[in-house]
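A.B. asks: First the structure, then my questions, so here it is.
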Amino acid sequence: MEFLPTVLLTLEEPLGKIVGKELSNHGVNVRTDTKIESLKETDKGLLVSGSNGYKNECGLVLVVVGAAPNTSLAKSAGIGTNEKGTIRTNLKMETNHPNIYAAGDCIETYHALLKQNIYLPLGTTAHKQGRIAGENMLGGNAKFQGSLGSQVIKIFDLVAGRTGLHDRDCQR
């Protein structure tokens, strides 16, 4: 179930619809434009109720609500964060405190096209940032070159990918 018109919102809507069709072709019941209103345990499993009168019994519900950085430890240590709560770093992954580095889904990421830092929690980006932070902790001078927001995902027999800016990012 997805509240918005398509699954996998990091892709443009036409690609999200292709992903939704691939899921359906493999027996996944895909429902978009539907808000989950309640989950109730029944003798048979779980009853999911949603907007527009939607009701469905199932054995498993996986709730994915997005990523949010947990930076309370960093904040309590005086490490700088932005208005969204992500840790501020430079391209060497250094924070505002000497000898403290940060990388991954808790930091703001330099976007190479936008030429600014944004929140972009992607595993491949986190991996690169972690390598740079590790090298620099040992005396290196590596710099993160930025992200283009590239993403690749395999859904059953379909591979979907994107790079660059989403239409909504360009409009903004």
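Residue numbers start at 1 in each chain; chains themselves are named A, B, ... in the order of the structure tokens; ligands are numbered from 1 in the order shown.
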Any chance you could list, as a PDB file with N, CA, C and O atoms, in the first residue's frame, the residues in stretch 51-161 of chain A that come up helix (DSSP H, G or I) when DSSP is run on the backbone?
C.D. replies:
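Once everything was written out, this is selection_13.pdb:
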```pdb
ATOM      1  N   SER A  51      -8.194   4.068   3.484  1.00  0.00           N
ATOM      2  CA  SER A  51      -9.109   5.051   2.891  1.00  0.00           C
ATOM      3  C   SER A  51      -9.900   4.419   1.755  1.00  0.00           C
ATOM      4  O   SER A  51      -9.533   3.372   1.216  1.00  0.00           O
ATOM      5  N   ASN A  52     -10.973   5.074   1.412  1.00  0.00           N
ATOM      6  CA  ASN A  52     -11.860   4.638   0.327  1.00  0.00           C
ATOM      7  C   ASN A  52     -12.447   3.261   0.576  1.00  0.00           C
ATOM      8  O   ASN A  52     -12.714   2.506  -0.363  1.00  0.00           O
ATOM      9  N   GLY A  53     -12.631   2.884   1.856  1.00  0.00           N
ATOM     10  CA  GLY A  53     -13.257   1.608   2.190  1.00  0.00           C
ATOM     11  C   GLY A  53     -12.376   0.382   2.016  1.00  0.00           C
ATOM     12  O   GLY A  53     -12.871  -0.745   2.043  1.00  0.00           O
ATOM     13  N   SER A  72      20.806  12.322  17.916  1.00  0.00           N
ATOM     14  CA  SER A  72      20.723  12.869  19.281  1.00  0.00           C
ATOM     15  C   SER A  72      22.063  12.796  20.006  1.00  0.00           C
ATOM     16  O   SER A  72      22.429  13.728  20.728  1.00  0.00           O
ATOM     17  N   LEU A  73      22.833  11.722  19.825  1.00  0.00           N
ATOM     18  CA  LEU A  73      24.146  11.613  20.457  1.00  0.00           C
ATOM     19  C   LEU A  73      25.076  12.718  19.944  1.00  0.00           C
ATOM     20  O   LEU A  73      25.762  13.379  20.726  1.00  0.00           O
ATOM     21  N   ALA A  74      25.074  12.914  18.625  1.00  0.00           N
ATOM     22  CA  ALA A  74      25.923  13.953  18.037  1.00  0.00           C
ATOM     23  C   ALA A  74      25.540  15.336  18.570  1.00  0.00           C
ATOM     24  O   ALA A  74      26.400  16.126  18.958  1.00  0.00           O
ATOM     25  N   LYS A  75      24.242  15.613  18.608  1.00  0.00           N
ATOM     26  CA  LYS A  75      23.778  16.919  19.109  1.00  0.00           C
ATOM     27  C   LYS A  75      24.193  17.122  20.560  1.00  0.00           C
ATOM     28  O   LYS A  75      24.647  18.207  20.933  1.00  0.00           O
ATOM     29  N   SER A  76      24.044  16.070  21.373  1.00  0.00           N
ATOM     30  CA  SER A  76      24.394  16.215  22.793  1.00  0.00           C
ATOM     31  C   SER A  76      25.894  16.424  22.990  1.00  0.00           C
ATOM     32  O   SER A  76      26.317  16.977  23.998  1.00  0.00           O
ATOM     33  N   GLY A 123      22.742   3.832   0.326  1.00  0.00           N
ATOM     34  CA  GLY A 123      23.796   2.939   0.799  1.00  0.00           C
ATOM     35  C   GLY A 123      25.126   3.118   0.092  1.00  0.00           C
ATOM     36  O   GLY A 123      26.182   3.119   0.732  1.00  0.00           O
ATOM     37  N   THR A 124      25.104   3.267  -1.226  1.00  0.00           N
ATOM     38  CA  THR A 124      26.366   3.417  -1.950  1.00  0.00           C
ATOM     39  C   THR A 124      27.072   4.707  -1.574  1.00  0.00           C
ATOM     40  O   THR A 124      28.299   4.743  -1.458  1.00  0.00           O
ATOM     41  N   THR A 125      26.304   5.758  -1.350  1.00  0.00           N
ATOM     42  CA  THR A 125      26.880   7.034  -0.926  1.00  0.00           C
ATOM     43  C   THR A 125      27.469   6.902   0.477  1.00  0.00           C
ATOM     44  O   THR A 125      28.586   7.355   0.739  1.00  0.00           O
ATOM     45  N   ALA A 126      26.732   6.267   1.371  1.00  0.00           N
ATOM     46  CA  ALA A 126      27.210   6.069   2.744  1.00  0.00           C
ATOM     47  C   ALA A 126      28.515   5.272   2.748  1.00  0.00           C
ATOM     48  O   ALA A 126      29.444   5.577   3.506  1.00  0.00           O
ATOM     49  N   HIS A 127      28.595   4.271   1.897  1.00  0.00           N
ATOM     50  CA  HIS A 127      29.811   3.452   1.804  1.00  0.00           C
ATOM     51  C   HIS A 127      31.017   4.305   1.392  1.00  0.00           C
ATOM     52  O   HIS A 127      32.088   4.235   2.007  1.00  0.00           O
ATOM     53  N   LYS A 128      30.836   5.122   0.372  1.00  0.00           N
ATOM     54  CA  LYS A 128      31.931   5.993  -0.092  1.00  0.00           C
ATOM     55  C   LYS A 128      32.339   6.983   0.991  1.00  0.00           C
ATOM     56  O   LYS A 128      33.526   7.214   1.229  1.00  0.00           O
ATOM     57  N   GLN A 129      31.356   7.568   1.652  1.00  0.00           N
ATOM     58  CA  GLN A 129      31.655   8.525   2.719  1.00  0.00           C
ATOM     59  C   GLN A 129      32.402   7.848   3.865  1.00  0.00           C
ATOM     60  O   GLN A 129      33.340   8.427   4.428  1.00  0.00           O
ATOM     61  N   GLY A 130      32.016   6.635   4.194  1.00  0.00           N
ATOM     62  CA  GLY A 130      32.688   5.896   5.260  1.00  0.00           C
ATOM     63  C   GLY A 130      34.140   5.607   4.941  1.00  0.00           C
ATOM     64  O   GLY A 130      35.016   5.714   5.811  1.00  0.00           O
ATOM     65  N   ARG A 131      34.405   5.265   3.688  1.00  0.00           N
ATOM     66  CA  ARG A 131      35.794   5.024   3.268  1.00  0.00           C
ATOM     67  C   ARG A 131      36.626   6.300   3.371  1.00  0.00           C
ATOM     68  O   ARG A 131      37.777   6.279   3.807  1.00  0.00           O
ATOM     69  N   ILE A 132      36.044   7.416   2.965  1.00  0.00           N
ATOM     70  CA  ILE A 132      36.750   8.700   3.035  1.00  0.00           C
ATOM     71  C   ILE A 132      37.003   9.085   4.488  1.00  0.00           C
ATOM     72  O   ILE A 132      38.115   9.491   4.855  1.00  0.00           O
ATOM     73  N   ALA A 133      35.989   8.946   5.334  1.00  0.00           N
ATOM     74  CA  ALA A 133      36.158   9.262   6.755  1.00  0.00           C
ATOM     75  C   ALA A 133      37.251   8.382   7.363  1.00  0.00           C
ATOM     76  O   ALA A 133      38.126   8.886   8.084  1.00  0.00           O
ATOM     77  N   GLY A 134      37.232   7.103   7.064  1.00  0.00           N
ATOM     78  CA  GLY A 134      38.248   6.191   7.594  1.00  0.00           C
ATOM     79  C   GLY A 134      39.653   6.549   7.143  1.00  0.00           C
ATOM     80  O   GLY A 134      40.592   6.559   7.950  1.00  0.00           O
ATOM     81  N   GLU A 135      39.811   6.857   5.863  1.00  0.00           N
ATOM     82  CA  GLU A 135      41.127   7.239   5.343  1.00  0.00           C
ATOM     83  C   GLU A 135      41.629   8.509   6.025  1.00  0.00           C
ATOM     84  O   GLU A 135      42.792   8.595   6.428  1.00  0.00           O
ATOM     85  N   ASN A 136      40.737   9.488   6.157  1.00  0.00           N
ATOM     86  CA  ASN A 136      41.145  10.762   6.757  1.00  0.00           C
ATOM     87  C   ASN A 136      41.422  10.639   8.256  1.00  0.00           C
ATOM     88  O   ASN A 136      42.293  11.338   8.780  1.00  0.00           O
ATOM     89  N   MET A 137      40.734   9.751   8.944  1.00  0.00           N
ATOM     90  CA  MET A 137      41.017   9.519  10.363  1.00  0.00           C
ATOM     91  C   MET A 137      42.440   9.005  10.559  1.00  0.00           C
ATOM     92  O   MET A 137      43.039   9.219  11.604  1.00  0.00           O
TER      93      MET A 137
END
```
A.B. asks: So which residues of chain A fall under strand (DSSP E) by DSSP, listed as a PyMOL selection string?
C.D. replies: chain A and resi 36-42+45-50+55-58+109-111+116-118+151-155+158-162
A.B. asks: Leaving out A:Asp157 and any residue of its chain fewer than 6 positions from it, which residues lie within 12 Å of it when counting only C-alpha atoms, given as number ranges by chain?
C.D. replies: A: 18-19, 21-23, 25-26
A.B. asks: Please list as a PyMOL selection string every residue within 12 Å of A:Asp167, counting only C-alpha atoms and excluding residues in the same chain fewer than 4 positions away.
C.D. replies: chain A and resi 9-14+162-163+171-172
A.B. asks: Next, dump the selected residues to file, keeping only C-alpha atoms, as a PDB file, in the first residue's frame.
C.D. replies:
```pdb
ATOM      1  CA  LEU A   9       8.869   7.428  -5.063  1.00  0.00           C
ATOM      2  CA  THR A  10      12.557   7.945  -5.760  1.00  0.00           C
ATOM      3  CA  LEU A  11      11.771   7.088  -9.388  1.00  0.00           C
ATOM      4  CA  GLU A  12       9.733   9.205 -11.765  1.00  0.00           C
ATOM      5  CA  GLU A  13       6.035   8.273 -11.753  1.00  0.00           C
ATOM      6  CA  PRO A  14       6.039   6.353 -15.098  1.00  0.00           C
ATOM      7  CA  ARG A 162      17.936   6.588 -11.776  1.00  0.00           C
ATOM      8  CA  THR A 163      20.569   9.253 -11.540  1.00  0.00           C
ATOM      9  CA  GLN A 171      10.751  22.249 -10.389  1.00  0.00           C
ATOM     10  CA  ARG A 172      11.767  23.278  -6.869  1.00  0.00           C
TER      11      ARG A 172
END
```
A.B. asks: Using only C-alpha atoms for the distances, tell me which of A:Asn70, A:Ser150, A:Asn56, A:Thr109 is nearest to A:Ile36.
C.D. replies: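 Among the listed residues, A:Asn56 lies closest to A:Ile36.
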A.B. asks: Considering only C-alpha atoms, can you say which of A:Ala160, A:Leu165, A:Ile153, A:Ile118 comes closest to A:Lys17?
C.D. replies: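 Closest to A:Lys17, using only C-alpha atoms: A:Ala160.
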A.B. asks: Could you tell me which of A:Val28, A:Gly161, A:Leu46, A:Lys84 comes closest to A:Leu8 if we count only C-alpha atoms?
C.D. replies: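 The shortest atom-to-atom distance to A:Leu8 comes from A:Gly161.
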A.B. asks: Please, what distance in Å, to one decimal, runs between atom CA of A:Gly78 and atom CA of A:Ile107?
C.D. replies: 14.6 Å
A.B. asks: What is the distance, in Å and to one decimal place, between atom CA of A:Tyr119 and atom CA of A:Cys106?
C.D. replies: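 Going from atom CA of A:Tyr119 over to atom CA of A:Cys106, I get 8.5 Å.
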A.B. asks: Separation of atom CA of A:Lys92 and atom CA of A:Gly80, in Å?
C.D. replies: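 Calculated distance between atom CA of A:Lys92 and atom CA of A:Gly80 is 15.2 Å.
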